[in-house]
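With compact mmCIF, C-alpha atoms inside, this is my_file37.txt:
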```txt
# COMPACT_ATOMS: atom_id res chain seq x y z
CA MET P 287 -53.75 -46.08 -24.68
CA ASN P 288 -53.20 -45.82 -28.45
CA ARG P 289 -54.12 -42.13 -28.32
CA PHE P 290 -51.42 -41.35 -25.72
CA SER P 291 -48.75 -40.38 -28.28
CA THR P 292 -51.28 -39.15 -30.89
CA PRO P 293 -54.00 -37.18 -29.06
CA TYR P 294 -55.87 -36.34 -32.26
CA LEU P 295 -56.96 -39.99 -32.41
CA ALA P 296 -58.99 -39.40 -29.24
CA PHE P 297 -60.79 -36.49 -30.90
CA MET P 298 -61.46 -38.59 -34.02
CA MET P 299 -62.89 -41.46 -31.97
CA PHE P 300 -65.04 -39.64 -29.45
CA ILE P 301 -66.17 -36.31 -30.93
CA PRO P 302 -68.39 -37.84 -33.70
CA CYS P 303 -70.17 -40.22 -31.31
CA SER P 304 -70.55 -37.42 -28.72
CA LEU P 305 -72.13 -35.16 -31.34
CA ALA P 306 -74.39 -37.99 -32.49
CA GLY P 307 -75.54 -38.54 -28.92
CA MET P 308 -76.40 -34.85 -28.59
CA LEU P 309 -78.42 -34.95 -31.84
CA ILE P 310 -80.45 -38.06 -31.01
CA PRO P 311 -83.06 -36.23 -28.86
CA ARG P 312 -83.71 -33.67 -31.62
CA MET P 313 -83.95 -36.45 -34.21
CA LEU P 314 -86.44 -38.46 -32.17
CA TRP P 315 -88.60 -35.53 -31.05
CA LYS P 316 -88.34 -33.23 -34.04
CA SER P 317 -91.94 -32.14 -33.81
CA PHE P 318 -92.32 -32.24 -30.05
CA PRO P 319 -94.09 -28.94 -29.13
CA LEU P 320 -93.77 -26.93 -25.95
CA THR P 321 -97.54 -27.02 -25.48
CA GLN P 322 -100.33 -29.08 -27.00
CA ASP P 323 -102.46 -26.01 -27.72
CA VAL P 324 -100.53 -24.28 -30.49
CA SER P 325 -103.18 -21.61 -31.00
CA VAL P 326 -102.62 -20.22 -27.52
CA VAL P 327 -99.05 -19.06 -28.20
CA LYS P 328 -99.77 -18.27 -31.89
CA LEU P 329 -96.61 -20.02 -33.08
CA SER P 330 -96.10 -22.91 -35.46
CA LYS P 331 -94.99 -26.31 -34.18
CA GLU P 332 -91.51 -25.82 -35.65
CA GLU P 333 -91.12 -22.47 -33.89
CA LEU P 334 -92.17 -24.10 -30.61
CA VAL P 335 -89.50 -26.76 -31.11
CA PHE P 336 -86.85 -24.04 -31.54
CA GLU P 337 -88.19 -22.23 -28.48
CA ALA P 338 -88.16 -25.39 -26.35
CA THR P 339 -84.64 -26.41 -27.33
CA PHE P 340 -83.18 -22.94 -26.83
CA TRP P 341 -84.74 -22.20 -23.45
CA GLY P 342 -84.00 -25.73 -22.32
CA ALA P 343 -80.29 -25.29 -23.15
CA PHE P 344 -80.22 -21.78 -21.67
CA GLY P 345 -81.91 -23.00 -18.49
CA LEU P 346 -79.46 -25.91 -18.17
CA TYR P 347 -76.41 -23.64 -18.38
CA SER P 348 -77.99 -21.14 -16.00
CA ILE P 349 -78.75 -23.85 -13.43
CA LEU P 350 -75.17 -25.15 -13.70
CA THR P 351 -73.85 -21.63 -13.14
CA VAL P 352 -75.98 -21.16 -10.02
CA ALA P 353 -74.98 -24.61 -8.76
CA TYR P 354 -71.28 -23.74 -9.10
CA LEU P 355 -71.83 -20.49 -7.20
CA VAL P 356 -73.79 -22.16 -4.40
CA VAL P 357 -71.19 -24.89 -3.95
CA GLY P 358 -68.39 -22.32 -4.01
CA LEU P 359 -66.53 -23.66 -7.05
CA SER P 360 -64.93 -21.48 -9.71
CA GLY P 361 -66.04 -23.47 -12.76
CA GLY P 362 -69.27 -21.54 -13.27
CA PHE P 363 -67.61 -18.86 -15.39
CA LEU P 364 -67.69 -21.03 -18.52
CA THR P 365 -71.41 -21.81 -18.33
CA PHE P 366 -72.09 -18.17 -17.41
CA VAL P 367 -70.30 -16.96 -20.55
CA MET P 368 -72.24 -19.45 -22.66
CA SER P 369 -75.55 -18.24 -21.21
CA VAL P 370 -74.66 -14.59 -21.74
CA PHE P 371 -73.72 -15.08 -25.41
CA MET P 372 -76.78 -17.22 -26.13
CA LEU P 373 -79.23 -14.39 -25.36
CA PRO P 374 -78.08 -11.90 -28.07
CA ALA P 375 -77.69 -14.80 -30.50
CA TRP P 376 -81.31 -15.79 -29.90
CA VAL P 377 -82.52 -12.20 -30.32
CA SER P 378 -80.60 -11.98 -33.60
CA PHE P 379 -82.13 -15.26 -34.75
CA ARG P 380 -85.68 -14.19 -33.90
CA LEU P 381 -85.25 -10.91 -35.79
CA SER P 382 -83.76 -12.64 -38.82
CA ILE P 383 -86.75 -15.01 -39.05
CA LYS P 384 -88.97 -12.06 -40.02
CA SER P 385 -86.72 -11.28 -43.00
CA PHE P 386 -85.35 -14.67 -44.13
CA GLY P 387 -87.74 -17.26 -42.67
CA LEU P 388 -87.32 -20.05 -40.14
CA ARG P 389 -85.64 -22.59 -42.43
CA SER P 390 -83.16 -20.18 -44.01
CA PHE P 391 -79.40 -20.63 -43.74
CA ARG P 392 -79.15 -16.87 -43.27
CA SER P 393 -81.26 -17.09 -40.13
CA THR P 394 -79.02 -19.85 -38.83
CA ALA P 395 -75.95 -17.72 -39.62
CA CYS P 396 -77.47 -14.83 -37.65
CA TYR P 397 -77.62 -17.16 -34.66
CA VAL P 398 -74.13 -18.63 -35.07
CA ILE P 399 -72.15 -15.40 -35.69
CA PRO P 400 -72.81 -13.80 -32.25
CA LEU P 401 -71.71 -17.07 -30.61
CA ILE P 402 -68.30 -17.20 -32.34
CA PRO P 403 -66.32 -15.50 -29.46
CA CYS P 404 -67.91 -17.87 -26.93
CA LEU P 405 -67.20 -20.92 -29.11
CA MET P 406 -63.58 -19.88 -29.61
CA TYR P 407 -63.10 -19.65 -25.85
CA THR P 408 -64.76 -23.00 -25.11
CA VAL P 409 -62.84 -24.82 -27.87
CA TYR P 410 -59.54 -23.29 -26.68
CA PHE P 411 -60.17 -24.17 -23.05
CA GLY P 412 -61.59 -27.61 -23.84
CA GLY P 413 -58.68 -28.52 -26.14
CA PHE P 414 -56.15 -27.78 -23.42
CA LEU P 415 -58.21 -29.73 -20.89
CA VAL P 416 -58.37 -32.83 -23.12
CA ALA P 417 -54.64 -32.65 -23.91
CA PHE P 418 -53.87 -32.37 -20.19
CA VAL P 419 -56.08 -35.35 -19.31
CA ILE P 420 -54.59 -37.52 -22.08
CA GLU P 421 -51.09 -36.72 -20.86
CA LYS P 422 -51.97 -37.55 -17.25
CA MET P 423 -53.49 -40.88 -18.29
CA GLY P 424 -49.90 -42.05 -18.78
CA MET P 425 -49.17 -41.69 -15.06
CA THR P 426 -52.45 -42.40 -13.27
CA GLY P 427 -51.49 -45.89 -12.18
CA SER P 428 -52.06 -49.46 -13.32
CA LEU P 429 -55.50 -50.48 -12.14
CA PRO P 430 -56.21 -54.18 -11.49
CA PRO P 431 -57.92 -56.31 -14.15
CA PRO P 432 -60.33 -57.00 -15.70
CA PHE P 433 -61.62 -53.44 -16.06
CA GLY P 434 -58.44 -51.53 -15.26
CA TYR P 435 -57.30 -51.53 -18.88
CA PHE P 436 -60.43 -49.67 -20.03
CA VAL P 437 -60.70 -47.05 -17.27
CA PRO P 438 -58.36 -44.47 -18.96
CA ASP P 439 -60.31 -44.73 -22.22
CA VAL P 440 -63.60 -44.24 -20.38
CA ILE P 441 -62.22 -41.15 -18.60
CA VAL P 442 -60.89 -39.62 -21.84
CA ALA P 443 -64.18 -40.36 -23.63
CA ALA P 444 -66.16 -38.70 -20.82
CA ILE P 445 -63.95 -35.59 -20.85
CA ILE P 446 -64.18 -35.26 -24.64
CA GLY P 447 -67.94 -35.70 -24.44
CA LEU P 448 -68.09 -32.93 -21.84
CA VAL P 449 -65.91 -30.62 -23.95
CA THR P 450 -68.03 -31.37 -27.03
CA SER P 451 -71.15 -30.37 -25.11
CA TRP P 452 -69.44 -27.10 -24.16
CA SER P 453 -68.37 -26.35 -27.71
CA ILE P 454 -71.43 -27.53 -29.65
CA GLY P 455 -74.16 -27.18 -27.02
CA PRO P 456 -74.93 -23.47 -27.56
CA LEU P 457 -75.32 -24.10 -31.31
CA LEU P 458 -77.67 -27.06 -31.11
CA PRO P 459 -80.96 -25.21 -30.42
CA VAL P 460 -80.85 -23.92 -34.02
CA VAL P 461 -78.15 -25.88 -35.86
CA SER P 462 -79.55 -29.26 -34.80
CA TYR P 463 -82.44 -28.65 -37.22
CA TRP P 464 -79.96 -29.16 -40.08
CA LEU P 465 -77.77 -31.80 -38.45
CA ALA P 466 -80.37 -34.17 -36.94
CA ARG P 467 -80.81 -36.19 -40.12
CA SER P 468 -80.24 -39.88 -40.80
CA PRO P 469 -77.37 -39.47 -43.34
CA ILE P 470 -75.44 -37.20 -40.97
CA MET P 471 -75.99 -39.53 -38.02
CA HIS P 472 -74.76 -42.49 -40.09
CA PHE P 473 -71.71 -40.49 -41.14
CA LEU P 474 -70.87 -39.61 -37.53
CA LEU P 475 -71.20 -43.19 -36.31
CA HIS P 476 -69.19 -44.57 -39.23
CA SER P 477 -66.48 -41.98 -38.56
CA SER P 478 -66.17 -43.14 -34.95
CA VAL P 479 -65.90 -46.80 -35.99
CA LEU P 480 -63.32 -45.94 -38.66
CA ALA P 481 -61.25 -43.91 -36.19
CA LEU P 482 -61.43 -46.75 -33.67
CA ALA P 483 -60.10 -49.20 -36.26
CA LEU P 484 -57.42 -46.73 -37.34
CA SER P 485 -56.21 -46.17 -33.78
CA SER P 486 -55.29 -49.85 -33.38
CA GLN P 487 -52.58 -49.37 -36.03
CA PHE P 488 -50.70 -46.75 -33.97
CA PHE P 489 -48.11 -47.48 -31.32
CA PRO P 490 -49.17 -45.78 -28.07
CA TYR P 491 -45.77 -44.27 -27.16
CA SER P 492 -43.13 -42.00 -28.67
CA THR P 493 -40.11 -39.96 -27.61
CA ASP P 494 -42.41 -37.07 -26.67
CA ALA P 495 -44.87 -39.38 -24.88
CA PRO P 496 -42.72 -42.15 -23.36
CA LYS P 497 -43.78 -45.23 -21.48
CA ARG P 498 -43.08 -44.73 -17.76
CA VAL P 499 -41.58 -47.74 -16.01
CA ILE P 500 -40.49 -47.75 -12.36
CA PHE P 501 -37.33 -49.78 -11.69
CA GLN P 502 -36.04 -50.57 -8.21
CA HIS P 503 -32.99 -52.53 -7.09
CA THR P 504 -34.20 -54.03 -3.81
CA ILE P 505 -31.71 -55.26 -1.19
CA ARG P 506 -33.05 -57.01 1.88
CA SER P 507 -30.43 -57.11 4.59
CA ALA P 508 -30.13 -58.52 8.11
CA GLY P 509 -28.02 -56.29 10.31
CA ALA P 510 -25.24 -54.17 8.87
CA SER P 511 -23.35 -56.72 6.74
CA GLN P 512 -25.58 -59.62 5.71
CA ILE P 513 -27.71 -59.72 2.55
CA MET P 514 -30.82 -61.86 2.66
CA GLU P 515 -32.08 -61.25 -0.88
CA THR P 516 -31.56 -58.91 -3.84
CA THR P 517 -34.13 -58.41 -6.57
CA TYR P 518 -34.99 -56.20 -9.53
CA ASP P 519 -38.53 -54.87 -9.17
CA PHE P 520 -40.53 -53.38 -12.04
CA ALA P 521 -43.79 -51.45 -12.06
CA VAL P 522 -45.76 -49.33 -14.52
CA VAL P 523 -48.01 -46.34 -13.98
CA ASP P 524 -50.46 -46.74 -16.86
CA SER P 525 -52.86 -49.40 -18.14
CA ASN P 526 -50.33 -51.23 -20.37
CA SER P 527 -48.83 -53.84 -18.05
CA LEU P 528 -45.27 -55.15 -17.80
CA PRO P 529 -45.68 -57.98 -20.38
CA PHE P 530 -46.27 -55.20 -22.92
CA VAL P 531 -42.92 -53.66 -21.89
CA PHE P 532 -40.93 -56.88 -22.23
CA LYS P 533 -42.60 -57.67 -25.56
CA HIS P 534 -41.57 -54.36 -27.12
CA ALA P 535 -38.23 -53.99 -25.26
CA PRO P 536 -36.44 -57.32 -25.85
CA GLU P 537 -33.15 -55.87 -24.60
CA VAL P 538 -34.60 -55.65 -21.10
CA ALA P 539 -35.93 -59.20 -21.31
CA ASN P 540 -32.55 -60.49 -22.47
CA ALA P 541 -30.75 -58.70 -19.62
CA LEU P 542 -33.09 -60.37 -17.12
CA HIS P 543 -32.80 -63.75 -18.92
CA ILE P 544 -36.54 -64.04 -19.44
CA ASN P 545 -38.82 -64.66 -22.40
CA THR P 546 -40.37 -61.66 -24.16
CA GLU P 547 -43.76 -63.44 -24.09
CA LEU P 548 -43.84 -63.29 -20.30
CA SER P 549 -47.02 -63.62 -18.23
CA PHE P 550 -47.79 -62.79 -14.62
CA ALA P 551 -48.40 -66.44 -13.82
CA ALA P 552 -44.79 -67.31 -14.70
CA VAL P 553 -42.99 -64.84 -12.39
CA LYS P 554 -43.08 -63.70 -8.79
CA GLN P 555 -45.02 -60.53 -8.06
CA SER P 556 -43.88 -57.87 -5.61
CA HIS P 557 -46.11 -56.11 -3.09
CA GLN P 558 -46.70 -52.46 -2.24
CA ALA P 559 -44.64 -52.88 0.94
CA ASP P 560 -41.59 -53.45 -1.27
CA TRP P 561 -42.03 -49.92 -2.72
CA MET P 562 -42.28 -48.07 0.57
CA GLY P 563 -39.35 -45.83 -0.34
CA ILE P 564 -41.48 -43.93 -2.87
CA PHE P 565 -44.75 -43.91 -0.91
CA PRO P 566 -47.44 -42.73 -1.79
CA ILE P 567 -46.56 -43.30 -5.46
CA SER P 568 -46.58 -47.01 -4.66
CA SER P 569 -50.37 -46.84 -4.28
CA LEU P 570 -50.56 -46.45 -8.08
CA PHE P 571 -49.04 -49.88 -8.68
CA SER P 572 -50.80 -53.17 -9.21
CA ARG P 573 -49.29 -56.45 -10.39
CA CYS P 574 -45.60 -55.59 -10.15
CA MET P 575 -42.92 -58.09 -11.15
CA THR P 576 -39.77 -59.03 -9.26
CA PHE P 577 -36.73 -60.88 -10.61
CA PRO P 578 -33.73 -62.30 -8.73
CA ALA P 579 -30.46 -60.34 -8.86
CA GLN P 580 -26.84 -61.10 -7.99
CA SER P 581 -25.67 -59.90 -4.57
CA SER P 582 -21.91 -60.16 -5.19
CA ASP P 583 -21.69 -56.76 -6.88
CA VAL P 584 -23.49 -55.15 -3.95
CA LEU P 585 -21.03 -56.55 -1.42
CA VAL P 586 -18.12 -55.15 -3.43
CA GLU P 587 -19.63 -51.67 -3.52
CA TYR P 588 -20.93 -51.43 0.07
CA ASN P 589 -19.37 -52.76 3.28
CA HIS P 590 -22.18 -51.80 5.63
CA PHE P 591 -25.88 -51.50 4.97
CA PRO P 592 -28.49 -49.27 6.60
CA HIS P 593 -29.67 -50.68 9.89
CA LEU P 594 -31.71 -49.74 12.95
CA ALA P 595 -30.45 -50.35 16.50
CA ILE P 596 -31.45 -49.47 20.08
CA ASN P 597 -29.46 -46.45 21.19
CA LYS P 598 -30.06 -46.55 24.97
CA PRO P 599 -32.27 -48.48 27.40
CA GLN P 600 -35.99 -47.89 27.09
CA GLU P 601 -37.75 -45.63 29.58
CA SER P 602 -41.07 -46.34 31.29
CA LEU P 603 -43.50 -43.41 31.42
CA SER P 604 -46.69 -42.72 33.33
CA GLY P 605 -49.83 -44.26 31.89
CA GLY P 606 -48.16 -47.53 30.93
CA SER P 607 -46.37 -46.18 27.83
CA ARG P 608 -42.71 -46.75 27.03
CA ARG P 609 -40.15 -44.54 25.30
CA ILE P 610 -37.71 -46.45 23.07
CA TYR P 611 -34.50 -44.73 21.92
CA LEU P 612 -33.29 -45.75 18.47
CA GLU P 613 -30.47 -44.91 16.05
CA PHE P 614 -30.75 -45.23 12.30
CA SER P 615 -27.48 -45.63 10.39
CA LEU P 616 -27.13 -45.46 6.61
CA GLY P 617 -24.00 -47.60 6.64
CA SER P 618 -21.55 -46.97 3.81
CA LEU P 619 -24.04 -45.35 1.45
CA LYS P 620 -22.38 -42.40 -0.26
CA GLU P 621 -25.35 -40.64 -1.76
CA VAL P 622 -28.84 -40.70 -0.31
CA TRP P 623 -31.87 -39.08 -1.91
CA VAL P 624 -34.19 -39.81 0.98
CA ALA P 625 -34.50 -42.39 3.75
CA VAL P 626 -37.94 -43.67 4.67
CA LEU P 627 -38.94 -45.18 8.01
CA ASN P 628 -42.11 -47.26 8.08
CA ILE P 629 -43.12 -47.67 11.73
CA THR P 630 -45.95 -50.16 12.08
CA GLY P 631 -47.92 -50.28 15.32
CA SER P 632 -49.77 -47.96 17.68
CA LEU P 633 -47.73 -44.89 18.70
CA SER P 634 -48.60 -42.18 21.19
CA SER P 635 -45.75 -39.82 20.24
CA TRP P 636 -42.33 -39.58 18.60
CA SER P 637 -39.42 -37.15 18.40
CA PHE P 638 -40.03 -36.12 14.76
CA ALA P 639 -42.01 -33.12 13.52
CA ASP P 640 -42.34 -31.37 16.90
CA ASN P 641 -43.71 -34.57 18.45
CA ILE P 642 -46.76 -34.49 16.17
CA LEU P 643 -47.87 -37.80 14.69
CA PRO P 644 -49.18 -37.77 11.10
CA ALA P 645 -52.32 -39.53 9.98
CA PRO P 646 -51.58 -43.28 9.96
CA GLU P 647 -51.73 -45.42 6.85
CA LYS P 648 -53.59 -48.71 6.94
CA THR P 649 -53.78 -51.64 4.53
CA GLY P 650 -57.06 -53.50 4.95
CA ASN P 651 -57.58 -54.50 8.57
CA GLY P 652 -53.87 -54.34 9.39
CA PRO P 653 -52.26 -52.23 12.11
CA PRO P 654 -51.58 -48.50 11.52
CA SER P 655 -48.27 -47.47 9.98
CA TYR P 656 -46.50 -44.14 10.40
CA ILE P 657 -44.21 -43.14 7.54
CA CYS P 658 -41.39 -40.64 8.03
CA ARG P 659 -38.90 -39.38 5.44
CA LEU P 660 -35.41 -38.34 6.52
CA SER P 661 -33.00 -36.43 4.32
CA GLY P 662 -29.43 -35.36 4.89
CA ALA P 663 -25.81 -36.39 4.42
CA GLY P 664 -25.18 -40.10 4.07
CA ASP P 665 -22.37 -40.17 6.66
CA LYS P 666 -24.61 -39.02 9.52
CA ASN P 667 -26.88 -41.09 11.74
CA TRP P 668 -30.34 -40.19 12.99
CA THR P 669 -31.23 -40.67 16.64
CA PHE P 670 -34.87 -40.53 17.70
CA TRP P 671 -37.34 -41.99 20.17
CA LEU P 672 -40.80 -43.57 19.93
CA GLU P 673 -43.52 -43.78 22.57
CA VAL P 674 -45.60 -46.96 22.44
```

Is it possible to express this structure as C-alpha cells?
Amino acid sequence: MNRFSTPYLAFMMFIPCSLAGMLIPRMLWKSFPLTQDVSVVKLSKEELVFEATFWGAFGLYSILTVAYLVVGLSGGFLTFVMSVFMLPAWVSFRLSIKSFGLRSFRSTACYVIPLIPCLMYTVYFGGFLVAFVIEKMGMTGSLPPPFGYFVPDVIVAAIIGLVTSWSIGPLLPVVSYWLARSPIMHFLLHSSVLALALSSQFFPYSTDAPKRVIFQHTIRSAGASQIMETTYDFAVVDSNSLPFVFKHAPEVANALHINTELSFAAVKQSHQADWMGIFPISSLFSRCMTFPAQSSDVLVEYNHFPHLAINKPQESLSGGSRRIYLEFSLGSLKEVWVAVLNITGSLSSWSFADNILPAPEKTGNGPPSYICRLSGAGDKNWTFWLEV
C-alpha cells in the first residue's frame, strides 16, 4: 500500500520488470527463424525473426479484437487501433530497409514514427486506468490473512503489466532487437529492486489519499428503555489493518485507553452481523475490533430506543402460512439516515416493495436473511406484515 499516496512508485516498481518480461522471449530466441528452410523464402534469419515477431504480435491483437466482438464487450477498440496502426508502420519499416538496412536506427525510426498516435492513446488511457485502480485499492476491503495483505499489490502489478503490454507491445517486433540485451535487462531488474526498496521509505497515506476507517457506536438494547451493551466498533477497507491505525494515530488509542502496539489477540473482534446497518459494505470487512463504551451518556441523550413489537394478532392463511403484523418504532431518535431490518428465516411474502421479496442473503449454511432499508422522519413508526 506504499504506492497509494504516491502512484508513481507503482510505475517505478512494475514497469521495468514488466518490460523485462516482455523482452525475455526475444533475448532467448534471438535467432529463432520462422522456417528451417531459409532459402525457400529468400530472407535472412534476422529478417525472418522480425517477420515472426511482427506477425505474431499483429495476430495476437487481431485475435483479441475478434474475441471482444464475439463476446459482445466494448474493449476491442484498443486492440483494433493497435492492429490498424501496426500495418502502415510495418510497411514503412520494410521500405526503409532497402535504403538504410535492417540494423539501422533510421529503419527503426521509420517503424516507430507511424505508431506515435497509437502509443499516445494507449499511454493516456492506460495511465488513467492505473491511477483509477490504485485509488480503488484503498477501498476494496480488508481481506483475511495471510495473503490478504498482498492481493492489492498483485492486482496493481497485473494492471500495470497489462498497460505496459499495450503501450510497448506494438514497438517490440522491431525495437526489441535493440533492447533485448544483457546490460539493459540487468538495468531494468535493478531498477525494479531499487524502486521496491525506495517505496518502503514512503508513508502510504496523505491528505489527498487518506486512510479510510469505519467507526460505529453500537448500542444493543432490550425493549425501548434498557441497554444491554454499548461498544465502539472499528473496521478498515484496505489491506493495512487496525493495529496500523492505532500505531500511527496514538490519539485514538489514548481515547480508547489501549496500547498503540495492539494486536488482534488482545482485543475482542466484532462480526459482520454487527455492521448490518451498512450492508453490503460490511462484506468488505475482516478482523474488526470492538471496544467497550460507557452507556450513561446514551441514556441522557435518548429516553427510548428503537424497538419492534407485534401490532395486532397474527392471522392464519390458507396453505399453513401465517401473517404477522408488526410495528417498528425509532424511539426518541431525532435524526435518522436509514433504518435497516434484517429478517432472518423463510418468508413467503411481506408488505414491502409491492409484496416482492428480494434475493435472500446467506452466511455459510445458515438460514436466509431478507434485508430491508426504511427511510423517513424519525418521529414516525413503520407498520408492516410478514408471511411465514

ask   = Neighbours of Ser453 in chain P within 6 Å (only C-alpha atoms; same-chain residues fewer than 4 positions away dropped), as a list in words?
value = Leu405, Thr408 and Val409 of chain P

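Of the residues under consideration (P:Leu305, P:Met368, P:Val352, P:Val584), P:Met368 shows the shortest atom-to-atom contact distance to Pro403 in chain P when counting all atoms listed in the file.
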
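Minimum atom-to-atom distances from P:Leu612, P:Ala510, P:Cys658, P:Ala417 to Leu627 in chain P were compared using only C-alpha atoms, and the lowest value belongs to P:Cys658.
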
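The space separating CA of Arg506 in chain P from CA of Gln580 in chain P comes to 12.4 Å.
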
Closest atom pairs, range 403-462 of chain P residues within 10 Å of range 466-479 of chain P, all atoms listed in the file, as CSV:
```
residue,atom,partner,partner_atom,distance
P:Leu458,CA,P:Ala466,CA,9.6
P:Val461,CA,P:Ala466,CA,8.6
P:Ser462,CA,P:Ala466,CA,5.4
```

All file atoms of range 295-314 of chain P boxed axis-aligned, 3 Å per side, centre plus edges, as AutoDock Vina command-line options:
```
--center_x -71.7 --center_y -37.6 --center_z -31.4 --size_x 35.5 --size_y 13.8 --size_z 11.6
```

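Residues surrounding Tyr407 in chain P within 12 Å are Phe363, Leu364, Thr365, Val367, Met368, Phe371, Leu401, Gly413, Phe414, Val449, Trp452 and Ser453 of chain P [all atoms listed in the file; sequence separation below 6 positions excluded].
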